[in-house]
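A.B. asks: File upload-v9.pdb below, PDB, C-alpha atoms:
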```pdb
ATOM      1  CA  MET A  19     127.857 101.894 137.448
ATOM      2  CA  SER A  20     124.169 102.473 136.808
ATOM      3  CA  VAL A  21     122.583 105.766 135.814
ATOM      4  CA  SER A  22     119.161 106.706 137.178
ATOM      5  CA  PHE A  23     116.304 106.768 134.672
ATOM      6  CA  GLN A  24     115.947 110.445 135.565
ATOM      7  CA  TYR A  25     119.288 111.192 133.913
ATOM      8  CA  ALA A  26     119.321 108.480 131.228
ATOM      9  CA  TYR A  27     117.637 110.635 128.549
ATOM     10  CA  LEU A  28     120.144 113.419 129.101
ATOM     11  CA  LEU A  29     122.951 110.843 128.999
ATOM     12  CA  GLY A  30     121.871 109.707 125.537
ATOM     13  CA  ASP A  31     121.623 113.324 124.417
ATOM     14  CA  PHE A  32     125.153 113.973 125.662
ATOM     15  CA  PHE A  33     126.683 111.183 123.569
ATOM     16  CA  PHE A  34     124.629 112.219 120.544
ATOM     17  CA  LEU A  35     125.909 115.749 121.083
ATOM     18  CA  LEU A  36     129.480 114.417 120.935
ATOM     19  CA  LEU A  37     128.737 112.981 117.493
ATOM     20  CA  TRP A  38     127.123 116.284 116.522
ATOM     21  CA  LEU A  39     130.232 118.183 117.629
ATOM     22  CA  PHE A  40     132.500 115.854 115.660
ATOM     23  CA  LEU A  41     130.457 116.373 112.493
ATOM     24  CA  PHE A  42     130.212 120.113 113.160
ATOM     25  CA  VAL A  43     133.994 120.357 113.210
ATOM     26  CA  ALA A  44     134.497 117.968 110.283
ATOM     27  CA  ARG A  45     131.819 119.368 107.947
ATOM     28  CA  LYS A  46     132.622 123.049 107.647
ATOM     29  CA  ASN A  47     130.091 123.596 104.841
ATOM     30  CA  ALA A  48     127.270 122.162 106.939
ATOM     31  CA  ARG A  49     127.781 124.207 110.101
ATOM     32  CA  ARG A  50     125.258 126.941 109.380
ATOM     33  CA  ASP A  51     122.713 124.362 108.240
ATOM     34  CA  MET A  52     123.232 122.254 111.358
ATOM     35  CA  LEU A  53     122.638 125.220 113.614
ATOM     36  CA  ILE A  54     119.608 126.697 111.863
ATOM     37  CA  LEU A  55     117.798 123.515 110.864
ATOM     38  CA  GLY A  56     118.694 121.889 114.170
ATOM     39  CA  SER A  57     117.162 124.788 116.096
ATOM     40  CA  PHE A  58     114.038 124.642 113.936
ATOM     41  CA  PHE A  59     113.456 120.926 114.438
ATOM     42  CA  GLY A  60     114.453 121.158 118.086
ATOM     43  CA  LEU A  61     111.494 123.464 118.672
ATOM     44  CA  ILE A  62     109.244 121.158 116.656
ATOM     45  CA  MET A  63     110.396 118.279 118.866
ATOM     46  CA  LEU A  64     109.106 120.098 121.952
ATOM     47  CA  VAL A  65     105.636 120.354 120.416
ATOM     48  CA  THR A  66     105.449 116.836 118.996
ATOM     49  CA  GLN A  67     106.820 115.353 122.197
ATOM     50  CA  TYR A  68     104.167 117.067 124.299
ATOM     51  CA  TYR A  69     101.139 116.467 122.090
ATOM     52  CA  TRP A  70     101.981 113.118 120.461
ATOM     53  CA  TRP A  71     104.965 111.004 121.470
ATOM     54  CA  THR A  72     104.451 111.097 125.248
ATOM     55  CA  VAL A  73     100.767 110.262 124.858
ATOM     56  CA  ASP A  74     101.198 106.680 123.654
ATOM     57  CA  TRP A  75     104.764 106.067 122.431
ATOM     58  CA  TRP A  76     107.289 106.767 125.172
ATOM     59  CA  ARG A  77     107.542 108.752 128.383
ATOM     60  CA  PRO A  78     111.217 109.311 129.189
ATOM     61  CA  GLU A  79     111.954 110.795 132.557
ATOM     62  CA  THR A  80     113.508 114.258 132.485
ATOM     63  CA  ILE A  81     115.899 115.750 134.990
ATOM     64  CA  PHE A  82     113.177 118.095 136.270
ATOM     65  CA  GLY A  83     110.374 115.552 136.145
ATOM     66  CA  THR A  84     108.424 117.443 133.498
ATOM     67  CA  ARG A  85     106.539 115.905 130.589
ATOM     68  CA  VAL A  86     108.712 117.814 128.121
ATOM     69  CA  GLY A  87     112.183 118.985 128.950
ATOM     70  CA  PHE A  88     115.474 120.354 127.729
ATOM     71  CA  GLU A  89     116.363 116.808 126.703
ATOM     72  CA  ASP A  90     113.701 116.896 123.962
ATOM     73  CA  LEU A  91     114.988 120.167 122.556
ATOM     74  CA  LEU A  92     118.529 118.791 122.551
ATOM     75  CA  LEU A  93     117.499 115.527 120.853
ATOM     76  CA  GLY A  94     115.650 117.400 118.119
ATOM     77  CA  PHE A  95     118.602 119.738 117.649
ATOM     78  CA  THR A  96     121.324 117.095 117.573
ATOM     79  CA  SER A  97     119.452 114.512 115.491
ATOM     80  CA  THR A  98     118.653 117.088 112.816
ATOM     81  CA  GLY A  99     122.226 118.332 112.864
ATOM     82  CA  VAL A 100     123.570 114.810 112.411
ATOM     83  CA  VAL A 101     121.281 113.980 109.495
ATOM     84  CA  THR A 102     122.124 117.353 107.943
ATOM     85  CA  ALA A 103     125.839 116.548 108.078
ATOM     86  CA  ILE A 104     125.212 113.100 106.574
ATOM     87  CA  TYR A 105     123.380 114.648 103.637
ATOM     88  CA  ASP A 106     126.111 117.242 103.287
ATOM     89  CA  ILE A 107     128.627 114.396 102.921
ATOM     90  CA  SER A 108     126.436 112.875 100.201
ATOM     91  CA  TYR A 109     126.930 116.046  98.155
ATOM     92  CA  VAL A 110     130.569 115.093  97.705
ATOM     93  CA  TRP A 111     129.668 111.763  96.124
ATOM     94  CA  ARG A 112     126.381 112.516  94.442
ATOM     95  CA  PRO A 113     125.408 116.197  94.211
ATOM     96  CA  PHE A 114     121.720 116.896  94.575
ATOM     97  CA  VAL A 115     119.819 118.583  91.774
ATOM     98  CA  ARG A 116     117.598 121.571  92.264
ATOM     99  CA  THR A 117     114.358 120.935  94.111
ATOM    100  CA  SER A 118     111.105 122.854  94.206
ATOM    101  CA  VAL A 119     109.391 124.631  97.070
ATOM    102  CA  LEU A 120     107.349 121.442  97.473
ATOM    103  CA  SER A 121     110.347 119.867  99.179
ATOM    104  CA  GLY A 122     111.109 123.002 101.150
ATOM    105  CA  VAL A 123     107.754 122.984 102.938
ATOM    106  CA  ALA A 124     107.442 119.191 103.199
ATOM    107  CA  VAL A 125     107.458 119.261 106.986
ATOM    108  CA  ILE A 126     104.195 121.250 107.115
ATOM    109  CA  PRO A 127     101.858 118.729 105.434
ATOM    110  CA  VAL A 128     103.561 115.881 107.306
ATOM    111  CA  LEU A 129     102.737 117.567 110.605
ATOM    112  CA  PHE A 130      99.153 118.317 109.580
ATOM    113  CA  ILE A 131      98.558 114.779 108.314
ATOM    114  CA  THR A 132     100.023 113.369 111.520
ATOM    115  CA  ALA A 133      97.725 115.580 113.579
ATOM    116  CA  ALA A 134      94.657 114.562 111.561
ATOM    117  CA  LEU A 135      95.442 110.849 111.748
ATOM    118  CA  PHE A 136      96.172 111.051 115.460
ATOM    119  CA  TRP A 137      93.365 113.315 116.710
ATOM    120  CA  VAL A 138      90.645 112.695 114.117
ATOM    121  CA  VAL A 139      91.175 109.174 112.798
ATOM    122  CA  GLY A 140      92.464 107.843 116.117
ATOM    123  CA  LEU A 141      95.706 106.193 114.996
ATOM    124  CA  THR A 142      98.514 105.903 117.506
ATOM    125  CA  SER A 143     101.190 108.573 117.261
ATOM    126  CA  PHE A 144     103.592 106.044 115.741
ATOM    127  CA  TRP A 145     101.260 104.972 112.941
ATOM    128  CA  ALA A 146     100.083 108.533 112.390
ATOM    129  CA  VAL A 147     103.566 109.928 111.776
ATOM    130  CA  ILE A 148     104.778 106.884 109.844
ATOM    131  CA  THR A 149     101.771 107.102 107.515
ATOM    132  CA  ALA A 150     102.292 110.842 107.113
ATOM    133  CA  MET A 151     105.977 110.465 106.266
ATOM    134  CA  LEU A 152     105.317 107.618 103.811
ATOM    135  CA  LEU A 153     102.702 109.754 102.048
ATOM    136  CA  GLY A 154     105.173 112.633 101.974
ATOM    137  CA  ILE A 155     107.907 110.446 100.491
ATOM    138  CA  LEU A 156     105.574 108.961  97.871
ATOM    139  CA  PHE A 157     104.294 112.400  96.935
ATOM    140  CA  ILE A 158     107.581 114.322  96.884
ATOM    141  CA  TYR A 159     110.162 111.998  95.346
ATOM    142  CA  PRO A 160     108.348 111.393  92.016
ATOM    143  CA  PHE A 161     108.211 115.158  91.464
ATOM    144  CA  GLU A 162     111.841 115.839  92.361
ATOM    145  CA  ARG A 163     114.939 114.569  90.596
ATOM    146  CA  ILE A 164     116.505 113.177  93.749
ATOM    147  CA  SER A 165     117.299 109.475  93.763
ATOM    148  CA  ILE A 166     115.271 107.555  96.326
ATOM    149  CA  MET A 167     118.348 105.363  96.778
ATOM    150  CA  THR A 168     120.291 108.394  97.972
ATOM    151  CA  GLY A 169     117.553 109.063 100.493
ATOM    152  CA  VAL A 170     117.486 105.444 101.656
ATOM    153  CA  ALA A 171     121.271 105.304 101.978
ATOM    154  CA  CYS A 172     121.473 108.528 103.973
ATOM    155  CA  GLY A 173     118.470 107.526 106.073
ATOM    156  CA  THR A 174     120.152 104.214 106.865
ATOM    157  CA  PHE A 175     123.448 105.836 107.872
ATOM    158  CA  PHE A 176     121.538 108.301 110.024
ATOM    159  CA  THR A 177     119.613 105.502 111.734
ATOM    160  CA  LEU A 178     122.902 103.754 112.522
ATOM    161  CA  ALA A 179     124.166 107.034 113.946
ATOM    162  CA  THR A 180     121.292 107.091 116.461
ATOM    163  CA  PHE A 181     122.989 104.186 118.233
ATOM    164  CA  CYS A 182     125.169 106.912 119.748
ATOM    165  CA  PHE A 183     122.023 108.020 121.576
ATOM    166  CA  TYR A 184     120.542 104.652 122.544
ATOM    167  CA  TYR A 185     123.503 102.490 123.454
ATOM    168  CA  PRO A 186     124.985 104.598 126.262
ATOM    169  CA  ILE A 187     121.529 104.443 127.855
ATOM    170  CA  LEU A 188     121.230 100.685 127.330
ATOM    171  CA  LEU A 189     124.687 100.117 128.807
ATOM    172  CA  LEU A 190     124.509 102.517 131.748
ATOM    173  CA  SER A 191     120.802 102.499 132.548
ATOM    174  CA  PRO A 192     119.515  98.897 132.228
ATOM    175  CA  GLY A 193     115.748  98.609 132.178
ATOM    176  CA  TRP A 194     115.256 102.077 130.722
ATOM    177  CA  VAL A 195     113.537 100.775 127.587
ATOM    178  CA  ASP A 196     110.978  98.756 129.558
ATOM    179  CA  ALA A 197     110.320 101.670 131.882
ATOM    180  CA  THR A 198     110.075 104.279 129.122
ATOM    181  CA  TYR A 199     108.180 102.836 126.156
ATOM    182  CA  ASP A 200     104.432 102.221 126.045
ATOM    183  CA  PHE A 201     104.460  98.689 124.664
ATOM    184  CA  GLN A 202     100.675  98.505 124.800
ATOM    185  CA  ASN A 203     100.682 100.743 121.739
ATOM    186  CA  LEU A 204     103.852  99.398 120.131
ATOM    187  CA  SER A 205     104.625  96.088 118.488
ATOM    188  CA  GLY A 206     106.862  94.883 121.296
ATOM    189  CA  VAL A 207     109.515  93.858 118.756
ATOM    190  CA  ILE A 208     112.985  94.646 120.060
ATOM    191  CA  LEU A 209     115.977  94.898 117.723
ATOM    192  CA  ALA A 210     119.447  95.266 119.246
ATOM    193  CA  GLY A 211     117.774  96.226 122.513
ATOM    194  CA  ILE A 212     115.736  99.028 120.923
ATOM    195  CA  PRO A 213     112.031  99.038 119.933
ATOM    196  CA  ILE A 214     111.820  98.506 116.186
ATOM    197  CA  GLU A 215     109.529 101.519 115.881
ATOM    198  CA  GLU A 216     112.522 103.746 116.599
ATOM    199  CA  PHE A 217     114.404 102.391 113.572
ATOM    200  CA  VAL A 218     111.362 102.784 111.329
ATOM    201  CA  PHE A 219     110.820 106.374 112.436
ATOM    202  CA  TRP A 220     114.430 107.457 112.051
ATOM    203  CA  ILE A 221     115.017 105.900 108.653
ATOM    204  CA  LEU A 222     111.839 107.472 107.246
ATOM    205  CA  PHE A 223     112.781 110.793 108.803
ATOM    206  CA  GLY A 224     116.173 110.496 107.138
ATOM    207  CA  ILE A 225     114.601 109.720 103.760
ATOM    208  CA  ILE A 226     112.061 112.549 103.780
ATOM    209  CA  PHE A 227     114.662 114.977 105.132
ATOM    210  CA  GLY A 228     116.688 114.614 101.919
ATOM    211  CA  PRO A 229     114.487 116.659  99.564
ATOM    212  CA  PHE A 230     113.785 119.140 102.376
ATOM    213  CA  TYR A 231     117.478 119.725 102.991
ATOM    214  CA  ALA A 232     118.316 119.767  99.279
ATOM    215  CA  TYR A 233     115.882 122.634  98.790
ATOM    216  CA  TRP A 234     117.019 124.671 101.771
ATOM    217  CA  ARG A 235     120.681 124.053 101.028
ATOM    218  CA  ARG A 236     120.324 125.693  97.643
ATOM    219  CA  ALA A 237     117.633 128.273  98.199
ATOM    220  CA  GLY A 238     116.442 128.506 101.766
ATOM    221  CA  VAL A 239     118.681 128.752 104.791
ATOM    222  CA  SER A 240     121.526 130.696 103.207
ATOM    223  CA  GLN A 241     121.034 131.182  99.505
ATOM    224  CA  LYS A 242     124.099 133.332  98.966
ATOM    225  CA  GLY A 243     126.385 131.000 100.912
ATOM    226  CA  PHE A 244     125.020 127.905  99.200
ATOM    227  CA  ALA A 245     125.305 129.486  95.786
ATOM    228  CA  HIS A 246     128.953 130.259  96.422
ATOM    229  CA  ARG A 247     129.975 126.870  97.700
ATOM    230  CA  ASP A 248     127.844 124.813  95.297
ATOM    231  CA  GLY A 249     128.939 126.743  92.237
ATOM    232  CA  ILE A 250     125.501 128.117  91.423
ATOM    233  CA  GLN A 251     125.454 131.330  89.438
TER     234      GLN A 251
END
```
What does the file become when written as structure tokens?

C.D. replies:
Amino acid sequence: MSVSFQYAYLLGDFFFLLLWLFLFVARKNARRDMLILGSFFGLIMLVTQYYWWTVDWWRPETIFGTRVGFEDLLLGFTSTGVVTAIYDISYVWRPFVRTSVLSGVAVIPVLFITAALFWVVGLTSFWAVITAMLLGILFIYPFERISIMTGVACGTFFTLATFCFYYPILLLSPGWVDATYDFQNLSGVILAGIPIEEFVFWILFGIIFGPFYAYWRRAGVSQKGFAHRDGIQ
């Protein structure tokens, strides 16, 4: 059985949504976070997909043939929900310390730096966002008392989790990678059937998401609820 490229993106989203649902049921404390932060980054995904990623990174077909579709919103929602649940699990083993508002607004400078590097400097969207996230990580972590190893570990587990998105597509829609990615602007290096740029992006996203989530867990999304469940007075 082979799935048309038109439905392959949605297929990957569906399997990622299954993982999201499993974590949503399993991680009761993370449910509100997964919904709110997932919705926030889902909307961001629509913007970044339209203005950056589809310009020179990838151009996945959507079920309605549009440049940006429901699939992008769902990928942003589910991926953020999954990484949120992974960080929530890390609280059991290594509770985060308090973080400053610097971490809570980290996404804003990353987006602005990406925009400047892409539109002004002329970097590709991949190198623009990777540079922006690396600068964010290097700037934030030294000022927060969160272990970079915790961020790397969670980012790595999250990146492995994205196989739930890619592998159903690779198995049921052969040729989708070649038809979707703009290899003129990518390295062309394929790892486990997936462009290596995807792994780099997701692991850095997972790392920089740590301080962001740590801040909003304790003081942002639901301060009263977090205070109760984390034992904060």

A.B. asks: With distances taken over all atoms listed in the file, which residue among A:Tyr185, A:Phe32, A:Phe130, A:Trp194 lies nearest Asp90 in chain A?

C.D. replies: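 For Asp90 in chain A, the nearest of the given residues is A:Phe32.
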
A.B. asks: Excluding Val123 in chain A and residues on its chain fewer than 2 positions from it, collect all residues at most 10 Å away from it, counting only C-alpha atoms, and give them as a PDB file with C-alpha atoms, in the coordinates of the input.

C.D. replies:
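This went into result_29.pdb:
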```pdb
ATOM      1  CA  SER A 118     111.105 122.854  94.206  1.00  0.00           C
ATOM      2  CA  VAL A 119     109.391 124.631  97.070  1.00  0.00           C
ATOM      3  CA  LEU A 120     107.349 121.442  97.473  1.00  0.00           C
ATOM      4  CA  SER A 121     110.347 119.867  99.179  1.00  0.00           C
ATOM      5  CA  VAL A 125     107.458 119.261 106.986  1.00  0.00           C
ATOM      6  CA  ILE A 126     104.195 121.250 107.115  1.00  0.00           C
ATOM      7  CA  PRO A 127     101.858 118.729 105.434  1.00  0.00           C
ATOM      8  CA  VAL A 128     103.561 115.881 107.306  1.00  0.00           C
ATOM      9  CA  PRO A 229     114.487 116.659  99.564  1.00  0.00           C
ATOM     10  CA  PHE A 230     113.785 119.140 102.376  1.00  0.00           C
ATOM     11  CA  TYR A 233     115.882 122.634  98.790  1.00  0.00           C
ATOM     12  CA  TRP A 234     117.019 124.671 101.771  1.00  0.00           C
TER      13      TRP A 234
END
```

A.B. asks: Separation of CA of Thr180 in chain A and CA of Gly94 in chain A, in Å?

C.D. replies: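 According to the coordinates, CA of Thr180 in chain A and CA of Gly94 in chain A are separated by 11.9 Å.
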
A.B. asks: Please write the residues picked by the PyMOL selection byres ((chain A and resi 54-64) around 6) on this file as a PyMOL selection string.

C.D. replies: chain A and resi 51-53+65-67+90-91+94-95+98-99

A.B. asks: Give me the residues near Leu129 in chain A as number ranges by chain, where near means some atom within 9 Å (using only C-alpha atoms) and where sequence neighbours in that chain fewer than 3 positions away do not count.

C.D. replies: A: 66, 124-126, 132-134, 147, 150-151

A.B. asks: So which one's closest to Ile221 in chain A, A:Ile164, A:Leu209, A:Gly154, A:Gly173? Using only C-alpha atoms, please.

C.D. replies: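 Ranked by minimum distance to Ile221 in chain A, first place goes to A:Gly173.
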
A.B. asks: For this structure, which residues satisfy the selection - the PyMOL selection byres ((chain A and resi 104) around 9) - when it is evaluated on the file as given? I want them as an mmCIF file with C-alpha atoms, keeping the file's coordinate frame.

C.D. replies:
```cif
data_model
loop_
_atom_site.group_PDB
_atom_site.id
_atom_site.type_symbol
_atom_site.label_atom_id
_atom_site.label_comp_id
_atom_site.auth_asym_id
_atom_site.auth_seq_id
_atom_site.Cartn_x
_atom_site.Cartn_y
_atom_site.Cartn_z
ATOM 1 C CA LEU A 41 130.457 116.373 112.493
ATOM 2 C CA GLY A 99 122.226 118.332 112.864
ATOM 3 C CA VAL A 100 123.570 114.810 112.411
ATOM 4 C CA VAL A 101 121.281 113.980 109.495
ATOM 5 C CA THR A 102 122.124 117.353 107.943
ATOM 6 C CA ALA A 103 125.839 116.548 108.078
ATOM 7 C CA TYR A 105 123.380 114.648 103.637
ATOM 8 C CA ASP A 106 126.111 117.242 103.287
ATOM 9 C CA ILE A 107 128.627 114.396 102.921
ATOM 10 C CA SER A 108 126.436 112.875 100.201
ATOM 11 C CA CYS A 172 121.473 108.528 103.973
ATOM 12 C CA GLY A 173 118.470 107.526 106.073
ATOM 13 C CA PHE A 175 123.448 105.836 107.872
ATOM 14 C CA PHE A 176 121.538 108.301 110.024
#
```

A.B. asks: With the file shown as input, list the residues that the PyMOL selection byres ((chain A and resi 27-29) around 12) selects, as a CSV table (one decimal) with C-alpha atoms, in the frame of the given file.

C.D. replies:
```csv
chain,number,residue,atom,x,y,z
A,20,SER,CA,124.2,102.5,136.8
A,21,VAL,CA,122.6,105.8,135.8
A,22,SER,CA,119.2,106.7,137.2
A,23,PHE,CA,116.3,106.8,134.7
A,24,GLN,CA,115.9,110.4,135.6
A,25,TYR,CA,119.3,111.2,133.9
A,26,ALA,CA,119.3,108.5,131.2
A,30,GLY,CA,121.9,109.7,125.5
A,31,ASP,CA,121.6,113.3,124.4
A,32,PHE,CA,125.2,114.0,125.7
A,33,PHE,CA,126.7,111.2,123.6
A,34,PHE,CA,124.6,112.2,120.5
A,35,LEU,CA,125.9,115.7,121.1
A,36,LEU,CA,129.5,114.4,120.9
A,76,TRP,CA,107.3,106.8,125.2
A,77,ARG,CA,107.5,108.8,128.4
A,78,PRO,CA,111.2,109.3,129.2
A,79,GLU,CA,112.0,110.8,132.6
A,80,THR,CA,113.5,114.3,132.5
A,81,ILE,CA,115.9,115.8,135.0
A,82,PHE,CA,113.2,118.1,136.3
A,83,GLY,CA,110.4,115.6,136.1
A,86,VAL,CA,108.7,117.8,128.1
A,87,GLY,CA,112.2,119.0,129.0
A,88,PHE,CA,115.5,120.4,127.7
A,89,GLU,CA,116.4,116.8,126.7
A,90,ASP,CA,113.7,116.9,124.0
A,91,LEU,CA,115.0,120.2,122.6
A,92,LEU,CA,118.5,118.8,122.6
A,93,LEU,CA,117.5,115.5,120.9
A,182,CYS,CA,125.2,106.9,119.7
A,183,PHE,CA,122.0,108.0,121.6
A,184,TYR,CA,120.5,104.7,122.5
A,185,TYR,CA,123.5,102.5,123.5
A,186,PRO,CA,125.0,104.6,126.3
A,187,ILE,CA,121.5,104.4,127.9
A,188,LEU,CA,121.2,100.7,127.3
A,189,LEU,CA,124.7,100.1,128.8
A,190,LEU,CA,124.5,102.5,131.7
A,191,SER,CA,120.8,102.5,132.5
A,194,TRP,CA,115.3,102.1,130.7
A,195,VAL,CA,113.5,100.8,127.6
A,198,THR,CA,110.1,104.3,129.1
```

A.B. asks: Expressed in Å to a single decimal, how great is the separation between CA of Gly122 in chain A and CA of Val170 in chain A?

C.D. replies: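 It comes out at 18.7 Å.
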
A.B. asks: What is the CA of Asn47 in chain A-CA of Tyr231 in chain A distance in Å, reported with one decimal?

C.D. replies: 13.3 Å

A.B. asks: Kindly indicate which residue among A:Glu215, A:Ala48, A:Phe42, A:Leu141 lies nearest to Arg235 in chain A, using only C-alpha atoms for the distances.

C.D. replies: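 Of all the options, A:Ala48 lies closest to Arg235 in chain A.
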
A.B. asks: Would you kindly return, as a list in words, each protein, DNA or RNA residue with an atom no farther than 10 Å from any atom of Ile166 in chain A, considering all atoms listed in the file and excluding same-chain residues fewer than 2 positions away?

C.D. replies: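 Non-adjacent residues within range: Ile155, Leu156, Tyr159, Pro160, Glu162, Arg163, Ile164, Thr168, Gly169, Val170, Ala171, Cys172, Ile225, Ile226, Gly228 and Pro229 of chain A.
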
A.B. asks: Just the selected residues (C-alpha atoms), exported as an mmCIF file, keeping the file's coordinate frame, please.

C.D. replies:
```
data_model
loop_
_atom_site.group_PDB
_atom_site.id
_atom_site.type_symbol
_atom_site.label_atom_id
_atom_site.label_comp_id
_atom_site.auth_asym_id
_atom_site.auth_seq_id
_atom_site.Cartn_x
_atom_site.Cartn_y
_atom_site.Cartn_z
ATOM 1 C CA ILE A 155 107.907 110.446 100.491
ATOM 2 C CA LEU A 156 105.574 108.961 97.871
ATOM 3 C CA TYR A 159 110.162 111.998 95.346
ATOM 4 C CA PRO A 160 108.348 111.393 92.016
ATOM 5 C CA GLU A 162 111.841 115.839 92.361
ATOM 6 C CA ARG A 163 114.939 114.569 90.596
ATOM 7 C CA ILE A 164 116.505 113.177 93.749
ATOM 8 C CA THR A 168 120.291 108.394 97.972
ATOM 9 C CA GLY A 169 117.553 109.063 100.493
ATOM 10 C CA VAL A 170 117.486 105.444 101.656
ATOM 11 C CA ALA A 171 121.271 105.304 101.978
ATOM 12 C CA CYS A 172 121.473 108.528 103.973
ATOM 13 C CA ILE A 225 114.601 109.720 103.760
ATOM 14 C CA ILE A 226 112.061 112.549 103.780
ATOM 15 C CA GLY A 228 116.688 114.614 101.919
ATOM 16 C CA PRO A 229 114.487 116.659 99.564
#
```

A.B. asks: Check the smallest atom-to-atom distance from each of A:Thr142, A:Asn203, A:Ala210, A:Ile148 to Leu178 in chain A using all atoms listed in the file, then report the winner.

C.D. replies: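 Checking each of A:Thr142, A:Asn203, A:Ala210, A:Ile148 against Leu178 in chain A, counting all atoms listed in the file, the winner is A:Ala210.
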
A.B. asks: Between A:Leu152, A:Thr96, A:Ser205, A:Thr177, which one has atoms that come closest to Phe40 in chain A, using all atoms listed in the file?

C.D. replies: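 With all atoms listed in the file as the atom set, the closest residue is A:Thr96.
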
A.B. asks: Extract, using all atoms listed in the file, all DNA, RNA and protein residues at most 9 Å from Trp75 in chain A, discarding same-chain residues fewer than 4 positions from it, and format them as number ranges by chain.

C.D. replies: A: 70-71, 142-144, 198-204

A.B. asks: Restricting the calculation to all atoms listed in the file: of A:Ala197, A:Ile214, A:Leu222, A:Ala179, which residue gets closest to Leu37 in chain A?

C.D. replies: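 Among the listed residues, the smallest separation from Leu37 in chain A belongs to A:Ala179.
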